[in-house]
Amino acid sequence: MASPTTKNHSHIEIDDINEESQQITEKDIVEKDMAPLPGSSIHRSSSRPQLDVSGAAIQGNFEEKDPAILLPNQTDDISHLALDIGGSLIKLIYFSRHADRQVDDGRKRKVKERLGVTNGSRRSYPILGGRLHFVKFETSKINECLDFIHSKQLHCGGMDPRCWPSDAPPSENAVIKATGGGAYKFADLFKERLGVSIEKEDEMNCLVSGANFLLKAIRHEAFTHMEGHKEFVQIDQNDLFPYLLVNIGSGVSMIKVDGDGQFQRVSGTNVGGGTYWGLGRLLTKCKSFDELLELSQRGDNSTIDMLVGDIYGGMDYSKIGLSASTIASSFGKTISENKDLEDYKPEDISLSLLRMISYNIGQFLGNESLLDGSKGDAQAMFLRHEGFLGALGAFMSYEKHGLDDLMVHQLVERFPMGAPYIGGNVHGPPLGDLNEKISWMEKFVRKGTEITAPVPMAPPATTGLGGFEVPSSKGVLRSDASKLNVGVLHLVPSLEVFPLLADPKTYEPNTIDLSDHGELEYWFTVLSEHLSDLVDKAVASEGGTDDAKRRGDAFARAFSAHLARLMEEPAAYGKLGLANLLELREECLREFHFFDAYRTIKQRENEASLAVLPDLLMELDSLTEDMRLLTLIEGVLAANIFDWGSRACVDLYHKGTIIEIYRMSRKKMQRPWRASERKNNIRKVVDDFDAFKERMLGSGDRKPQPHKRALLFVDNSGADIVLGMLPLARELLRRGTEVVLVANSLPALNDVTAMELPDIVAEAAKHCDILRGAAEAGGLLVDAMSNIQDGYKENTPSVPLMVVENGCGSPCIDLRQVSSELAAAAKDADLVILEGMGRSLHTNYNAKFKCDALKLAMVKNQRLAAKLVKGNIYDCVCRYEPAS
Ligand SMILES: CC(C)(COP(=O)(O)O)[C@@H](O)C(=O)NCCC(=O)O
Ligand SMILES: [Mn+2]
């Protein structure tokens, strides 16, 4: 593949004309789930949307969940809707203000004070935290589009979801930005139906600014086709220009883009999507573009096209590199046959026509880019959001939308239910709440792999649910499986790149390459097999009620649907890694309101482990320094066995109590760390303990400086944190190293969260002076501190133990997108310890850091053990790499 940084790459943008008509159902109801910001005082007017956050302040009690944000200088509303109204499709982009479920607890405040986390440089945060939604309608169904806008009150221009739906009609001056011919054609209709004026934006301007935004802000926006599959291209944002933007609409335009707002149309051809549709309609009597395209998939063009083999008696013309199957002349075969139009199959005609036109465009582009001076190294790339460039550009044309400032690491694309069905012809008004969403799914989505054939639904009038039509394409959900899904773009201005990554540009979080089909199939099977257990846990965590069962069922359907979709088209949601799959599962649980499926299990295991902690600490304290360090590391590895995401481990839990399993696991530990039943010796030992020990304890008379600050990326609850990581933290603290426990922001499997840690630490501190002193110094024992006399506080040890959240809710971690508090904590850190399979094996196994790094995990999966360490399940990894 040519270097992604090659100049003059061509981005091919396929406009509405040659797209399938796509689904419109807006199923992302999440903004309704989010607690609105109470009490912010925003004067609503409807002139040009602007957002003035100067003087923004938290109003009221800081302790309160979701405190109100006061914008004293905000006089205008931020608009959140833009349209591209083409001849065949309407693309709509809207922004939903999204109040994060922020909990500004004591821990957070202390951490912010201590680490100096401010929002100062992020002028838009948290105001602009929100979501961009991408929706499509057929232009012929413009009324559905208007209903959609109306039902979501998108035309009212308010940024405050509390006011949606609003009874207040938009004021006379309300405007919506729109591009495309329909912006002219339907201006009166918008005024009449919604009371808003359309402000027309230049189409080409919009295309270019939309493309520039996508290429700069979305990591894997562009992809190429390589031997039948899609390969995502990482574009260097500093080396983006110039590029050629090819817009295939009714006709084709080629635009040379030299920068933001700098472009010129360099060429074009009148043979484009309109030609295919027009000729196709005349020749096949097809009624829609979709139908024509669908026909082509069943066609055989050799009945119509004259092939090289037809001329050369079935032979290749190898001398000039033409194979027998090369088209010598499109439609050429029809001259010599004495047949009429009716004698040819419409599907064959459609395919011949499609090939004729697409090859022609390809050839034209090839010639043009050659002429343009790229000397043949131009690379054709496609964009995931291909159809939305115009609408995005229109959105960008609002002043102060804040998108210009966003960087790749501040955007997260998510695929709520409905995402697997982009491409289907499901129409209707937005789903109001979770209940409606589940009802919709019960009608449309069958369990498991059958999901590609949805069950037609009764007419809306009889369901009371409103406007869902039967998918039109004869029971097939998508006529083109290789089409890509467009998710909801979450704008999270608080995310940052982990500052200790040695080289963020080359960093790849995932260890296993899922583009290997065997791997993909294996992990899909693992996740599918795990599903019923997970649903049981999730339903139980919500009290096992009928409502919980129904949500559990819907979750299972939704997640199976995602898996089936990704199996069919692994690139459907962008570049796919195991971390994405595991995160998708957690997101899917949250979507169906399972916020912590393993809550009870976590509590039970924490209690059991805390009960034996004093004995463990005593045992550790009786050991020599050398032995203690070894025992501590072994303790971490052994306790990592408590993993409710691993099939093998869960089976184990039936065989004994938590403490029995922990003891058994510790007893089996022997260096080099491996499973005791292993016979042959070909395994790759990943045991860098000696190097780590030397760095910690030195050798001979050399006593090394202790690390200044260690970041401990902790993993599971129970024994893992209590009997593994906390004792290790205690050792570091004892040696004078500040310790920051880095835990998940949101629950994932049985992982411990940053919210849960202070209580666990407080319990552990009851048995240990070192932990107590450090926790007090780190502000973790807020209640305990308030009881302590001031004089005593001054004498407490200064080495603190802190807790920060990592910014994610997954068993893995992508270090390109972490919380601002973690990024702040990292600034003074010189040791990173990553623990657990998700964080140190599935992801980050090959990550290089600017500081010392220790990766500790038990391999709780046979295939991974074989692949990574040529070993067996329950082998352990201790990988130590000094600062690079
Ligand atoms: C989900 C996990 C990464 C969690 O492991 P952890 O990070 O807690 O050590 C791991 O349990 C896993 O990869 N499970 C799937 C494989 C299996 O069931 O064998
Ligand atoms: Mn875990």
# chains A, B, ... in the order shown; residues from 1 in each chain; ligands from 1
>>> residues_near_ligand(ligand="ligand 1", cutoff="7 Å", atoms="only C-alpha atoms and all ligand atoms", output="list of chain:residue names")
A:Val526, A:Leu527, A:Leu582, A:Asn640, A:Asp643, A:Trp644, A:Gly645, A:Ser646, A:Arg647, A:Ala648, A:Asp715, A:Asn716, A:Asp751, A:Pro811, A:Cys812, A:Gly836, A:Met837, A:Gly838, A:Arg839, A:His842, A:Ala857, A:Met858, A:Lys860, A:Asn861
>>> residues_around(residues="Phe594 in chain A", least_positions_apart="3", cutoff="9 Å", atoms="only C-alpha atoms", output="list in words")
Ala538, Val539, Ser541, Glu542, Ala548, Arg551, Gly552, Glu586, Cys588, Leu589, Arg590, Glu591 and Ala597 of chain A
>>> write_last_selection(atoms="N, CA and C atoms", output="CSV table (one decimal), in the first residue's frame")
chain,number,residue,atom,x,y,z
A,538,ALA,N,-26.7,-9.6,34.3
A,538,ALA,CA,-27.3,-8.2,34.1
A,538,ALA,C,-28.7,-8.2,34.7
A,539,VAL,N,-29.5,-9.2,34.3
A,539,VAL,CA,-30.9,-9.2,34.8
A,539,VAL,C,-30.9,-9.3,36.3
A,541,SER,N,-28.7,-8.2,38.4
A,541,SER,CA,-28.2,-7.0,39.0
A,541,SER,C,-29.3,-5.9,39.0
A,542,GLU,N,-30.4,-6.1,38.3
A,542,GLU,CA,-31.5,-5.2,38.3
A,542,GLU,C,-32.7,-5.8,39.0
A,548,ALA,N,-36.5,-5.9,33.8
A,548,ALA,CA,-35.0,-6.2,33.6
A,548,ALA,C,-34.9,-7.4,32.6
A,551,ARG,N,-35.4,-6.1,29.1
A,551,ARG,CA,-34.2,-5.3,28.7
A,551,ARG,C,-33.0,-6.2,28.4
A,552,GLY,N,-32.9,-7.3,29.2
A,552,GLY,CA,-31.9,-8.3,29.0
A,552,GLY,C,-32.0,-9.0,27.7
A,586,GLU,N,-20.0,-3.5,26.5
A,586,GLU,CA,-20.4,-2.7,27.7
A,586,GLU,C,-21.3,-1.5,27.3
A,588,CYS,N,-23.4,-1.5,24.9
A,588,CYS,CA,-24.7,-2.0,24.6
A,588,CYS,C,-25.4,-2.3,25.9
A,589,LEU,N,-24.8,-2.8,26.9
A,589,LEU,CA,-25.4,-3.0,28.2
A,589,LEU,C,-25.9,-1.7,28.7
A,590,ARG,N,-25.1,-0.7,28.7
A,590,ARG,CA,-25.5,0.7,29.2
A,590,ARG,C,-26.7,1.2,28.4
A,591,GLU,N,-26.7,0.9,27.1
A,591,GLU,CA,-27.8,1.4,26.3
A,591,GLU,C,-29.2,0.8,26.8
A,597,ALA,N,-23.6,-4.6,35.8
A,597,ALA,CA,-24.1,-6.0,35.8
A,597,ALA,C,-23.5,-6.8,36.9
>>> closest_residue(among="A:Val761, A:Ala571, A:Val859, A:Ile661", to="Thr224 in chain A", atoms="only C-alpha atoms")
A:Ala571
>>> select_by_dssp(residues="range 297-384 of chain A", states="strand (DSSP E)", output="PyMOL selection string")
chain A and resi 306-307+327-329+380-383
>>> atom_distance(atom1="CA of Glu342 in chain A", atom2="CA of Asn360 in chain A")
25.9 Å
>>> atom_distance(atom1="CA of Ser532 in chain A", atom2="CA of Ala579 in chain A")
20.5 Å
>>> closest_residue(among="A:Pro346, A:Gly698, A:Pro747, A:Gly724", to="ligand 2", atoms="only C-alpha atoms and all ligand atoms")
A:Pro747
>>> closest_residue(among="A:Ala824, A:Leu207, A:Leu92, A:Cys878", to="Ser840 in chain A", atoms="only C-alpha atoms")
A:Cys878
>>> atom_distance(atom1="CA of Val271 in chain A", atom2="CA of Lys483 in chain A")
23.0 Å
>>> closest_residue(among="A:Leu584, A:Ile235, A:Val752, A:Leu856", to="ligand 2", atoms="only C-alpha atoms and all ligand atoms")
A:Val752
>>> residues_around(residues="range 669-672 of chain A", least_positions_apart="2", cutoff="12 Å", atoms="only C-alpha atoms", output="VMD selection string")
chain A and resid 630 to 639 641 662 to 667 674 to 678 681 683 to 690 858 869 871 874 to 879
>>> write_last_selection(atoms="C-alpha atoms", output="short mmCIF file (atom, residue, chain, number, x, y, z; two decimals), in the first residue's frame")
data_model
loop_
_atom_site.label_atom_id
_atom_site.label_comp_id
_atom_site.auth_asym_id
_atom_site.auth_seq_id
_atom_site.Cartn_x
_atom_site.Cartn_y
_atom_site.Cartn_z
CA LEU A 630 8.51 -11.37 44.50
CA THR A 631 5.56 -12.35 46.65
CA LEU A 632 3.81 -9.10 45.83
CA ILE A 633 4.18 -9.53 42.08
CA GLU A 634 3.10 -13.15 42.36
CA GLY A 635 0.15 -11.96 44.40
CA VAL A 636 -0.91 -9.57 41.64
CA LEU A 637 -0.62 -12.27 39.00
CA ALA A 638 -2.44 -14.86 41.10
CA ALA A 639 -5.27 -12.52 42.03
CA ILE A 641 -7.60 -14.92 38.14
CA TYR A 662 -6.99 -17.33 45.39
CA ARG A 663 -4.90 -19.67 47.58
CA MET A 664 -4.80 -22.32 44.88
CA SER A 665 -3.78 -19.73 42.31
CA ARG A 666 -0.99 -18.40 44.54
CA LYS A 667 0.25 -21.86 45.36
CA ARG A 674 3.45 -20.61 34.02
CA ALA A 675 0.68 -23.11 34.44
CA SER A 676 1.97 -26.10 36.32
CA GLU A 677 0.57 -28.74 34.00
CA ARG A 678 2.60 -27.52 31.06
CA ASN A 681 9.42 -26.23 27.15
CA ARG A 683 7.17 -21.50 25.61
CA LYS A 684 8.23 -17.93 25.34
CA VAL A 685 8.83 -16.83 28.87
CA VAL A 686 7.81 -13.28 29.59
CA ASP A 687 9.33 -12.93 33.00
CA ASP A 688 11.25 -9.72 33.47
CA PHE A 689 10.92 -9.82 37.23
CA ASP A 690 14.68 -9.76 37.78
CA MET A 858 -2.56 -13.82 33.95
CA VAL A 869 3.57 -16.60 24.97
CA GLY A 871 2.13 -21.18 26.46
CA TYR A 874 -3.10 -19.47 33.37
CA ASP A 875 0.46 -18.69 32.36
CA CYS A 876 1.48 -15.26 33.53
CA VAL A 877 3.16 -12.32 31.93
CA CYS A 878 5.54 -9.96 33.71
CA ARG A 879 6.89 -7.61 31.11
#
>>> closest_residue(among="A:Val233, A:Ile721, A:Ile248, A:Leu353", to="ligand 2", atoms="only C-alpha atoms and all ligand atoms")
A:Ile721
>>> residues_around(residues="Ala328 in chain A", least_positions_apart="5", cutoff="9 Å", atoms="only C-alpha atoms", output="VMD selection string")
chain A and resid 305 to 311
>>> residues_around(residues="Glu337 in chain A", least_positions_apart="4", cutoff="10 Å", atoms="only C-alpha atoms", output="JSON, numbers by chain")
{"A": [304, 332, 333]}
>>> closest_residue(among="A:Leu293, A:Leu244, A:Ile349, A:Ala847", to="Tyr507 in chain A", atoms="only C-alpha atoms")
A:Ala847
>>> residues_around(residues="Ser819 in chain A", least_positions_apart="2", cutoff="8 Å", atoms="only C-alpha atoms", output="ChimeraX atom specification")
/A:494-496,805-808,817,821-823
>>> residues_around(residues="Met396 in chain A", least_positions_apart="6", cutoff="10 Å", atoms="only C-alpha atoms", output="PDB file with N, CA and C atoms, in the first residue's frame")
ATOM      1  N   ALA A  82     -28.274  20.970  10.647  1.00  0.00           N
ATOM      2  CA  ALA A  82     -27.901  21.403   9.309  1.00  0.00           C
ATOM      3  C   ALA A  82     -28.303  20.317   8.328  1.00  0.00           C
ATOM      4  N   LYS A 177     -29.228  26.147   8.571  1.00  0.00           N
ATOM      5  CA  LYS A 177     -28.275  26.131   7.458  1.00  0.00           C
ATOM      6  C   LYS A 177     -28.531  24.900   6.597  1.00  0.00           C
ATOM      7  N   CYS A 206     -19.269  23.595   1.258  1.00  0.00           N
ATOM      8  CA  CYS A 206     -19.682  22.666   2.305  1.00  0.00           C
ATOM      9  C   CYS A 206     -18.976  21.329   2.163  1.00  0.00           C
ATOM     10  N   SER A 209     -15.368  21.776   3.381  1.00  0.00           N
ATOM     11  CA  SER A 209     -15.145  21.925   4.823  1.00  0.00           C
ATOM     12  C   SER A 209     -15.587  20.670   5.568  1.00  0.00           C
ATOM     13  N   GLY A 210     -16.605  19.978   5.050  1.00  0.00           N
ATOM     14  CA  GLY A 210     -16.999  18.703   5.651  1.00  0.00           C
ATOM     15  C   GLY A 210     -15.873  17.681   5.535  1.00  0.00           C
ATOM     16  N   PHE A 213     -12.955  18.552   7.860  1.00  0.00           N
ATOM     17  CA  PHE A 213     -13.260  18.217   9.259  1.00  0.00           C
ATOM     18  C   PHE A 213     -13.094  16.721   9.502  1.00  0.00           C
ATOM     19  N   GLY A 390     -21.563  17.314   2.711  1.00  0.00           N
ATOM     20  CA  GLY A 390     -22.281  18.564   2.496  1.00  0.00           C
ATOM     21  C   GLY A 390     -22.982  19.028   3.762  1.00  0.00           C
ATOM     22  N   GLY A 402     -17.771  25.350  17.454  1.00  0.00           N
ATOM     23  CA  GLY A 402     -16.767  24.727  18.313  1.00  0.00           C
ATOM     24  C   GLY A 402     -16.097  23.499  17.699  1.00  0.00           C
ATOM     25  N   LEU A 403     -16.575  23.054  16.544  1.00  0.00           N
ATOM     26  CA  LEU A 403     -16.021  21.810  15.986  1.00  0.00           C
ATOM     27  C   LEU A 403     -14.592  21.985  15.470  1.00  0.00           C
ATOM     28  N   ASP A 404     -14.286  23.201  15.012  1.00  0.00           N
ATOM     29  CA  ASP A 404     -12.951  23.436  14.463  1.00  0.00           C
ATOM     30  C   ASP A 404     -11.852  23.079  15.442  1.00  0.00           C
TER      31      ASP A 404
END
>>> select_by_dssp(residues="range 526-766 of chain A", states="helix (DSSP H, G or I)", output="VMD selection string")
chain A and resid 526 to 541 546 to 568 578 to 591 599 to 621 625 to 639 647 to 655 658 to 668 689 to 697 719 to 734 757 to 765
>>> write_last_selection(atoms="C-alpha atoms", output="short mmCIF file (atom, residue, chain, number, x, y, z; two decimals), in the first residue's frame")
data_model
loop_
_atom_site.label_atom_id
_atom_site.label_comp_id
_atom_site.auth_asym_id
_atom_site.auth_seq_id
_atom_site.Cartn_x
_atom_site.Cartn_y
_atom_site.Cartn_z
CA VAL A 526 -16.20 -16.48 22.56
CA LEU A 527 -18.36 -13.39 22.95
CA SER A 528 -21.49 -15.15 21.68
CA GLU A 529 -20.97 -18.02 24.08
CA HIS A 530 -20.55 -15.64 26.95
CA LEU A 531 -23.76 -13.81 26.19
CA SER A 532 -26.36 -15.83 28.05
CA ASP A 533 -24.29 -15.78 31.25
CA LEU A 534 -23.86 -12.06 30.95
CA VAL A 535 -27.56 -11.53 30.43
CA ASP A 536 -28.28 -13.58 33.56
CA LYS A 537 -25.89 -11.44 35.59
CA ALA A 538 -27.25 -8.23 34.12
CA VAL A 539 -30.87 -9.16 34.80
CA ALA A 540 -30.03 -10.27 38.33
CA SER A 541 -28.21 -6.98 38.96
CA ASP A 546 -39.91 -8.49 34.25
CA ASP A 547 -38.65 -5.15 33.02
CA ALA A 548 -35.05 -6.25 33.59
CA LYS A 549 -35.73 -9.51 31.73
CA ARG A 550 -37.18 -7.64 28.79
CA ARG A 551 -34.20 -5.30 28.70
CA GLY A 552 -31.86 -8.27 29.04
CA ASP A 553 -33.48 -9.92 26.08
CA ALA A 554 -33.24 -6.73 24.06
CA PHE A 555 -29.58 -6.37 24.99
CA ALA A 556 -28.88 -9.92 23.82
CA ARG A 557 -30.63 -9.26 20.52
CA ALA A 558 -28.83 -5.99 20.05
CA PHE A 559 -25.39 -7.35 20.82
CA SER A 560 -25.94 -10.43 18.64
CA ALA A 561 -27.03 -8.10 15.88
CA HIS A 562 -23.83 -6.10 16.24
CA LEU A 563 -21.77 -9.29 16.11
CA ALA A 564 -23.61 -10.56 13.06
CA ARG A 565 -23.18 -7.23 11.33
CA LEU A 566 -19.47 -7.12 12.07
CA MET A 567 -18.98 -10.71 11.03
CA GLU A 568 -20.49 -9.85 7.69
CA LEU A 578 -10.76 -6.71 20.14
CA ALA A 579 -10.86 -3.68 22.44
CA ASN A 580 -13.66 -2.20 20.31
CA LEU A 581 -15.67 -5.39 20.54
CA LEU A 582 -15.33 -5.60 24.31
CA GLU A 583 -16.25 -1.95 24.66
CA LEU A 584 -19.20 -2.32 22.33
CA ARG A 585 -20.56 -4.99 24.66
CA GLU A 586 -20.35 -2.65 27.66
CA GLU A 587 -21.88 0.23 25.72
CA CYS A 588 -24.67 -2.03 24.58
CA LEU A 589 -25.40 -3.01 28.20
CA ARG A 590 -25.55 0.65 29.17
CA GLU A 591 -27.82 1.38 26.26
CA ARG A 599 -22.30 -5.06 41.14
CA THR A 600 -23.26 -7.79 43.62
CA ILE A 601 -20.40 -10.05 42.64
CA LYS A 602 -17.95 -7.20 43.05
CA GLN A 603 -19.25 -6.35 46.50
CA ARG A 604 -19.16 -9.95 47.65
CA GLU A 605 -15.61 -10.46 46.45
CA ASN A 606 -14.41 -7.16 47.93
CA GLU A 607 -15.75 -8.17 51.32
CA ALA A 608 -14.26 -11.66 51.20
CA SER A 609 -10.87 -10.29 50.20
CA LEU A 610 -10.83 -7.46 52.70
CA ALA A 611 -11.44 -10.05 55.42
CA VAL A 612 -8.16 -11.84 54.65
CA LEU A 613 -6.11 -8.72 53.87
CA PRO A 614 -4.71 -8.28 57.41
CA ASP A 615 -3.26 -11.81 57.34
CA LEU A 616 -1.69 -11.20 53.95
CA LEU A 617 -0.12 -7.92 55.09
CA MET A 618 1.30 -9.63 58.14
CA GLU A 619 2.76 -12.40 56.05
CA LEU A 620 4.32 -9.86 53.67
CA ASP A 621 5.82 -7.86 56.50
CA GLU A 625 12.72 -7.09 50.87
CA ASP A 626 13.61 -9.40 47.96
CA MET A 627 11.09 -12.04 48.87
CA ARG A 628 8.44 -9.45 49.58
CA LEU A 629 8.70 -7.94 46.11
CA LEU A 630 8.51 -11.37 44.50
CA THR A 631 5.56 -12.35 46.65
CA LEU A 632 3.81 -9.10 45.83
CA ILE A 633 4.18 -9.53 42.08
CA GLU A 634 3.10 -13.15 42.36
CA GLY A 635 0.15 -11.96 44.40
CA VAL A 636 -0.91 -9.57 41.64
CA LEU A 637 -0.62 -12.27 39.00
CA ALA A 638 -2.44 -14.86 41.10
CA ALA A 639 -5.27 -12.52 42.03
CA ARG A 647 -15.09 -18.47 30.29
CA ALA A 648 -12.45 -20.69 31.86
CA CYS A 649 -12.28 -18.64 35.05
CA VAL A 650 -16.03 -18.51 35.48
CA ASP A 651 -16.11 -22.32 35.22
CA LEU A 652 -13.47 -22.41 37.93
CA TYR A 653 -15.56 -20.37 40.34
CA HIS A 654 -18.00 -23.25 40.66
CA LYS A 655 -15.23 -25.30 42.23
CA ILE A 658 -13.01 -16.93 46.32
CA ILE A 659 -10.38 -17.41 48.95
CA GLU A 660 -9.85 -21.07 48.08
CA ILE A 661 -9.30 -20.18 44.45
CA TYR A 662 -6.99 -17.33 45.39
CA ARG A 663 -4.90 -19.67 47.58
CA MET A 664 -4.80 -22.32 44.88
CA SER A 665 -3.78 -19.73 42.31
CA ARG A 666 -0.99 -18.40 44.54
CA LYS A 667 0.25 -21.86 45.36
CA LYS A 668 0.61 -22.70 41.68
CA PHE A 689 10.92 -9.82 37.23
CA ASP A 690 14.68 -9.76 37.78
CA ALA A 691 15.08 -6.58 35.76
CA PHE A 692 12.20 -4.96 37.63
CA LYS A 693 13.64 -6.06 40.95
CA GLU A 694 16.99 -4.58 40.08
CA ARG A 695 15.36 -1.26 39.23
CA MET A 696 13.44 -1.33 42.49
CA LEU A 697 15.99 -2.73 44.92
CA ALA A 719 -8.90 -10.23 45.32
CA ASP A 720 -7.37 -8.56 42.27
CA ILE A 721 -7.44 -5.08 43.77
CA VAL A 722 -7.50 -5.94 47.48
CA LEU A 723 -4.98 -8.77 47.66
CA GLY A 724 -2.98 -7.94 44.53
CA MET A 725 -2.69 -4.29 43.62
CA LEU A 726 -3.23 -2.60 46.99
CA PRO A 727 -0.38 -4.49 48.68
CA LEU A 728 1.84 -3.59 45.71
CA ALA A 729 0.77 0.06 46.04
CA ARG A 730 1.59 -0.13 49.73
CA GLU A 731 5.10 -1.35 48.94
CA LEU A 732 5.69 1.55 46.56
CA LEU A 733 4.35 4.03 49.10
CA ARG A 734 6.56 2.56 51.76
CA LEU A 757 -11.99 2.65 45.03
CA PRO A 758 -12.03 5.21 47.85
CA ASP A 759 -14.31 2.99 49.94
CA ILE A 760 -12.16 -0.07 49.31
CA VAL A 761 -9.02 1.87 50.19
CA ALA A 762 -10.71 3.21 53.33
CA GLU A 763 -11.58 -0.34 54.40
CA ALA A 764 -8.05 -1.57 53.69
CA ALA A 765 -6.60 1.44 55.52
#
